[in-house]
Amino acid sequence: SDIDSDFDESRSLSIPARQQLSIKERAGISAQEKSFLWMYSGEDRELVKEYFDVFEDPKWKLQKVRKDGTEVWKLAGEDIHRVMGVSTVDSTPDHCMELFKDPKSVFTNLFPKIDSMFTRGEILNLESDRRMLCHASFKMPMPVGDMPAKGIRSRDFVWRQVVKKLNSGSILITAKSVKDIVAKVNVPKGHVRGEIRCSGYYGRKVNGGAGNISKVWYIVQADPKGFLPNWLVNLASGKQAENVSRLKKMFKEEKRIRT
């Protein structure tokens, strides 16, 4: 497809050049995914449209590129900024989807590996083979470094996770707090209840990549609530985008063990 980036196309580009390439790439991908909206029904249509409205926004700004090639982006304009991590992983989109769908290991195996602030989680209700109500707790990160912030209460979140194989062949995993359900779940002692807004992972096969290389975008907008000033929340929020870097590392380790 002419909207897919070649595997190594942006590896040696400057940040402004990467940014322009990404705007073009995301616009093309979003147009393709939205062309299938009429084929989806109800909640699925709304979730896909909401995600790609954010995904295609040309105002995303590239903040940094990690040594492993993972890009960290921010989208300002709201009280709590949106952040986005982008990386290639040595796995198929379908395999990624199965990991998030697996009720037995999503919180015992997956989350501990990809989110350094995660402490515990549970599935409140397995609504179907691709929809689940989730409840999890996370430590608050320091604005700099990889350690949790001392003296700041942990946050817990209640959200509905929806895993969908899109008509393009790519996968979309969305997460969003559900107000009528959030109020029914007790807040753990010593926690503050936060809110997850439009968030999720999008994965698609990479053209030109060797083997099963996929490209993953992770968009997250999480409001930790409480008395933390927004500027401090936004300063630390970029760390969440690096979940894709840990996902990349996890798949790399899986491949090493297999071989």
# chains A, B, ... in the order shown; residues from 1 in each chain; ligands from 1

call {"tool": "residues_around", "arguments": {"residues": "segment 93-105 of chain A", "least_positions_apart": "6", "cutoff": "12 Å", "atoms": "only C-alpha atoms", "output": "PyMOL selection string"}}
result
chain A and resi 111-114+121-134+161-166+168-175+200-206+212-217+244+247-248+250-251+254

call {"tool": "residues_around", "arguments": {"residues": "Ile181 of chain A", "least_positions_apart": "3", "cutoff": "10 Å", "atoms": "only C-alpha atoms", "output": "JSON, numbers by chain"}}
result
{"A": [133, 158, 159, 160, 177, 178, 184, 185]}

call {"tool": "write_last_selection", "arguments": {"atoms": "C-alpha atoms", "output": "CSV table (one decimal), in the first residue's frame"}}
result
chain,number,residue,atom,x,y,z
A,133,LEU,CA,-14.3,-4.1,31.8
A,158,VAL,CA,-11.8,1.7,35.5
A,159,TRP,CA,-12.2,1.3,31.8
A,160,ARG,CA,-13.7,-0.7,29.0
A,177,SER,CA,-13.4,5.1,31.2
A,178,VAL,CA,-17.2,4.4,31.4
A,184,LYS,CA,-20.0,1.4,41.1
A,185,VAL,CA,-16.4,0.3,41.7

call {"tool": "atom_distance", "arguments": {"atom1": "atom CA of Asp115 of chain A", "atom2": "atom CA of Arg26 of chain A"}}
result
24.9 Å

call {"tool": "atom_distance", "arguments": {"atom1": "atom CA of Ser154 of chain A", "atom2": "atom CA of Val182 of chain A"}}
result
16.7 Å

call {"tool": "select_by_dssp", "arguments": {"residues": "segment 36-155 of chain A", "states": "alpha helix (DSSP H)", "output": "PDB file with N, CA, C and O atoms, in the first residue's frame"}}
result
ATOM      1  N   GLY A  42     -22.738   0.861  15.611  1.00  0.00           N
ATOM      2  CA  GLY A  42     -22.836   1.368  16.972  1.00  0.00           C
ATOM      3  C   GLY A  42     -21.544   1.827  17.598  1.00  0.00           C
ATOM      4  O   GLY A  42     -20.841   2.700  17.080  1.00  0.00           O
ATOM      5  N   GLU A  43     -21.200   1.207  18.739  1.00  0.00           N
ATOM      6  CA  GLU A  43     -20.034   1.608  19.526  1.00  0.00           C
ATOM      7  C   GLU A  43     -18.744   1.448  18.740  1.00  0.00           C
ATOM      8  O   GLU A  43     -17.841   2.289  18.846  1.00  0.00           O
ATOM      9  N   ASP A  44     -18.636   0.394  17.929  1.00  0.00           N
ATOM     10  CA  ASP A  44     -17.418   0.174  17.151  1.00  0.00           C
ATOM     11  C   ASP A  44     -17.151   1.363  16.233  1.00  0.00           C
ATOM     12  O   ASP A  44     -16.015   1.843  16.127  1.00  0.00           O
ATOM     13  N   ARG A  45     -18.178   1.847  15.549  1.00  0.00           N
ATOM     14  CA  ARG A  45     -18.013   2.971  14.632  1.00  0.00           C
ATOM     15  C   ARG A  45     -17.544   4.215  15.393  1.00  0.00           C
ATOM     16  O   ARG A  45     -16.633   4.925  14.944  1.00  0.00           O
ATOM     17  N   GLU A  46     -18.148   4.464  16.535  1.00  0.00           N
ATOM     18  CA  GLU A  46     -17.782   5.641  17.316  1.00  0.00           C
ATOM     19  C   GLU A  46     -16.347   5.560  17.825  1.00  0.00           C
ATOM     20  O   GLU A  46     -15.593   6.546  17.791  1.00  0.00           O
ATOM     21  N   LEU A  47     -15.927   4.381  18.313  1.00  0.00           N
ATOM     22  CA  LEU A  47     -14.577   4.215  18.841  1.00  0.00           C
ATOM     23  C   LEU A  47     -13.522   4.366  17.753  1.00  0.00           C
ATOM     24  O   LEU A  47     -12.490   5.008  17.965  1.00  0.00           O
ATOM     25  N   VAL A  48     -13.780   3.765  16.595  1.00  0.00           N
ATOM     26  CA  VAL A  48     -12.818   3.855  15.492  1.00  0.00           C
ATOM     27  C   VAL A  48     -12.698   5.299  15.017  1.00  0.00           C
ATOM     28  O   VAL A  48     -11.584   5.805  14.812  1.00  0.00           O
ATOM     29  N   LYS A  49     -13.822   5.971  14.846  1.00  0.00           N
ATOM     30  CA  LYS A  49     -13.782   7.365  14.379  1.00  0.00           C
ATOM     31  C   LYS A  49     -13.071   8.267  15.392  1.00  0.00           C
ATOM     32  O   LYS A  49     -12.232   9.104  15.020  1.00  0.00           O
ATOM     33  N   GLU A  50     -13.399   8.106  16.672  1.00  0.00           N
ATOM     34  CA  GLU A  50     -12.779   8.943  17.697  1.00  0.00           C
ATOM     35  C   GLU A  50     -11.265   8.747  17.719  1.00  0.00           C
ATOM     36  O   GLU A  50     -10.503   9.706  17.806  1.00  0.00           O
ATOM     37  N   TYR A  51     -10.839   7.499  17.643  1.00  0.00           N
ATOM     38  CA  TYR A  51      -9.399   7.219  17.697  1.00  0.00           C
ATOM     39  C   TYR A  51      -8.680   7.858  16.508  1.00  0.00           C
ATOM     40  O   TYR A  51      -7.657   8.530  16.677  1.00  0.00           O
ATOM     41  N   PHE A  52      -9.208   7.678  15.305  1.00  0.00           N
ATOM     42  CA  PHE A  52      -8.495   8.173  14.125  1.00  0.00           C
ATOM     43  C   PHE A  52      -8.654   9.681  13.923  1.00  0.00           C
ATOM     44  O   PHE A  52      -7.822  10.296  13.246  1.00  0.00           O
ATOM     45  N   ASP A  53      -9.667  10.286  14.516  1.00  0.00           N
ATOM     46  CA  ASP A  53      -9.723  11.761  14.553  1.00  0.00           C
ATOM     47  C   ASP A  53      -8.511  12.311  15.293  1.00  0.00           C
ATOM     48  O   ASP A  53      -7.905  13.299  14.882  1.00  0.00           O
ATOM     49  N   VAL A  54      -8.169  11.656  16.399  1.00  0.00           N
ATOM     50  CA  VAL A  54      -6.993  12.070  17.182  1.00  0.00           C
ATOM     51  C   VAL A  54      -5.708  11.671  16.458  1.00  0.00           C
ATOM     52  O   VAL A  54      -4.763  12.453  16.354  1.00  0.00           O
ATOM     53  N   PHE A  55      -5.676  10.466  15.935  1.00  0.00           N
ATOM     54  CA  PHE A  55      -4.509   9.902  15.257  1.00  0.00           C
ATOM     55  C   PHE A  55      -4.025  10.797  14.113  1.00  0.00           C
ATOM     56  O   PHE A  55      -2.824  11.015  13.936  1.00  0.00           O
ATOM     57  N   PRO A  93       0.355  -8.003  13.917  1.00  0.00           N
ATOM     58  CA  PRO A  93      -0.762  -7.333  14.596  1.00  0.00           C
ATOM     59  C   PRO A  93      -1.704  -8.314  15.287  1.00  0.00           C
ATOM     60  O   PRO A  93      -2.186  -8.052  16.384  1.00  0.00           O
ATOM     61  N   ASP A  94      -1.938  -9.463  14.669  1.00  0.00           N
ATOM     62  CA  ASP A  94      -2.846 -10.450  15.249  1.00  0.00           C
ATOM     63  C   ASP A  94      -2.317 -10.988  16.581  1.00  0.00           C
ATOM     64  O   ASP A  94      -3.086 -11.226  17.519  1.00  0.00           O
ATOM     65  N   HIS A  95      -1.005 -11.195  16.663  1.00  0.00           N
ATOM     66  CA  HIS A  95      -0.420 -11.683  17.920  1.00  0.00           C
ATOM     67  C   HIS A  95      -0.576 -10.634  19.010  1.00  0.00           C
ATOM     68  O   HIS A  95      -0.897 -10.964  20.163  1.00  0.00           O
ATOM     69  N   CYS A  96      -0.353  -9.378  18.665  1.00  0.00           N
ATOM     70  CA  CYS A  96      -0.566  -8.286  19.633  1.00  0.00           C
ATOM     71  C   CYS A  96      -1.998  -8.308  20.145  1.00  0.00           C
ATOM     72  O   CYS A  96      -2.250  -8.166  21.344  1.00  0.00           O
ATOM     73  N   MET A  97      -2.937  -8.481  19.230  1.00  0.00           N
ATOM     74  CA  MET A  97      -4.353  -8.488  19.581  1.00  0.00           C
ATOM     75  C   MET A  97      -4.673  -9.611  20.561  1.00  0.00           C
ATOM     76  O   MET A  97      -5.394  -9.401  21.544  1.00  0.00           O
ATOM     77  N   GLU A  98      -4.122 -10.792  20.306  1.00  0.00           N
ATOM     78  CA  GLU A  98      -4.405 -11.931  21.171  1.00  0.00           C
ATOM     79  C   GLU A  98      -3.890 -11.704  22.593  1.00  0.00           C
ATOM     80  O   GLU A  98      -4.515 -12.149  23.565  1.00  0.00           O
ATOM     81  N   LEU A  99      -2.763 -11.025  22.745  1.00  0.00           N
ATOM     82  CA  LEU A  99      -2.219 -10.763  24.075  1.00  0.00           C
ATOM     83  C   LEU A  99      -3.162  -9.899  24.898  1.00  0.00           C
ATOM     84  O   LEU A  99      -3.356 -10.128  26.098  1.00  0.00           O
ATOM     85  N   PHE A 100      -3.761  -8.894  24.265  1.00  0.00           N
ATOM     86  CA  PHE A 100      -4.672  -8.006  24.976  1.00  0.00           C
ATOM     87  C   PHE A 100      -6.032  -8.660  25.219  1.00  0.00           C
ATOM     88  O   PHE A 100      -6.741  -8.290  26.156  1.00  0.00           O
ATOM     89  N   LYS A 101      -6.398  -9.617  24.387  1.00  0.00           N
ATOM     90  CA  LYS A 101      -7.689 -10.292  24.541  1.00  0.00           C
ATOM     91  C   LYS A 101      -7.664 -11.376  25.606  1.00  0.00           C
ATOM     92  O   LYS A 101      -8.709 -11.753  26.125  1.00  0.00           O
ATOM     93  N   PHE A 111       0.689  -6.536  31.198  1.00  0.00           N
ATOM     94  CA  PHE A 111       0.818  -5.201  31.782  1.00  0.00           C
ATOM     95  C   PHE A 111       2.087  -5.026  32.626  1.00  0.00           C
ATOM     96  O   PHE A 111       2.734  -3.979  32.556  1.00  0.00           O
ATOM     97  N   PRO A 112       2.481  -6.029  33.440  1.00  0.00           N
ATOM     98  CA  PRO A 112       3.724  -5.859  34.201  1.00  0.00           C
ATOM     99  C   PRO A 112       4.950  -5.647  33.319  1.00  0.00           C
ATOM    100  O   PRO A 112       5.930  -5.045  33.752  1.00  0.00           O
ATOM    101  N   LYS A 113       4.896  -6.136  32.070  1.00  0.00           N
ATOM    102  CA  LYS A 113       6.038  -6.009  31.168  1.00  0.00           C
ATOM    103  C   LYS A 113       6.033  -4.697  30.391  1.00  0.00           C
ATOM    104  O   LYS A 113       7.092  -4.177  30.051  1.00  0.00           O
ATOM    105  N   ILE A 114       4.850  -4.160  30.092  1.00  0.00           N
ATOM    106  CA  ILE A 114       4.810  -2.982  29.214  1.00  0.00           C
ATOM    107  C   ILE A 114       4.546  -1.672  29.940  1.00  0.00           C
ATOM    108  O   ILE A 114       4.711  -0.604  29.348  1.00  0.00           O
TER     109      ILE A 114
END

call {"tool": "closest_residue", "arguments": {"among": "A:Gln32, A:Leu21, A:Asp90, A:Leu13", "to": "Lys249 of chain A", "atoms": "only C-alpha atoms"}}
result
A:Asp90

call {"tool": "residues_around", "arguments": {"residues": "Val192 of chain A", "least_positions_apart": "3", "cutoff": "7 Å", "atoms": "only C-alpha atoms", "output": "list in words"}}
result
Arg153, Ser154, Arg155, Asp156 and Gly226 of chain A

call {"tool": "write_last_selection", "arguments": {"atoms": "all heavy atoms", "output": "tab-separated table (two decimals), in the first residue's frame"}}
result
chain	number	residue	atom	x	y	z
A	153	ARG	N	-0.12	9.71	46.03
A	153	ARG	CA	-0.95	8.51	46.06
A	153	ARG	C	-1.08	7.86	44.68
A	153	ARG	O	-1.12	8.55	43.66
A	153	ARG	CB	-2.34	8.85	46.61
A	153	ARG	CG	-2.35	9.11	48.11
A	153	ARG	CD	-3.76	9.13	48.66
A	153	ARG	NE	-4.49	10.33	48.26
A	153	ARG	CZ	-5.78	10.53	48.48
A	153	ARG	NH1	-6.50	9.60	49.07
A	153	ARG	NH2	-6.35	11.65	48.11
A	154	SER	N	-1.15	6.55	44.68
A	154	SER	CA	-1.36	5.82	43.43
A	154	SER	C	-2.74	6.15	42.86
A	154	SER	O	-3.64	6.61	43.57
A	154	SER	CB	-1.25	4.31	43.67
A	154	SER	OG	0.06	3.95	44.05
A	155	ARG	N	-2.89	5.91	41.56
A	155	ARG	CA	-4.16	6.12	40.89
A	155	ARG	C	-4.75	4.78	40.45
A	155	ARG	O	-4.01	3.85	40.11
A	155	ARG	CB	-3.97	7.00	39.65
A	155	ARG	CG	-4.21	8.49	39.85
A	155	ARG	CD	-3.49	9.09	41.00
A	155	ARG	NE	-3.81	10.52	41.12
A	155	ARG	CZ	-3.36	11.29	42.09
A	155	ARG	NH1	-2.59	10.78	43.05
A	155	ARG	NH2	-3.68	12.57	42.14
A	156	ASP	N	-6.08	4.71	40.48
A	156	ASP	CA	-6.74	3.54	39.90
A	156	ASP	C	-7.68	4.01	38.81
A	156	ASP	O	-8.19	5.14	38.84
A	156	ASP	CB	-7.45	2.72	40.97
A	156	ASP	CG	-8.79	3.29	41.38
A	156	ASP	OD1	-8.82	4.49	41.75
A	156	ASP	OD2	-9.80	2.56	41.35
A	226	GLY	N	-7.34	14.36	41.31
A	226	GLY	CA	-6.67	14.78	42.53
A	226	GLY	C	-6.21	16.23	42.44
A	226	GLY	O	-6.75	17.03	41.66
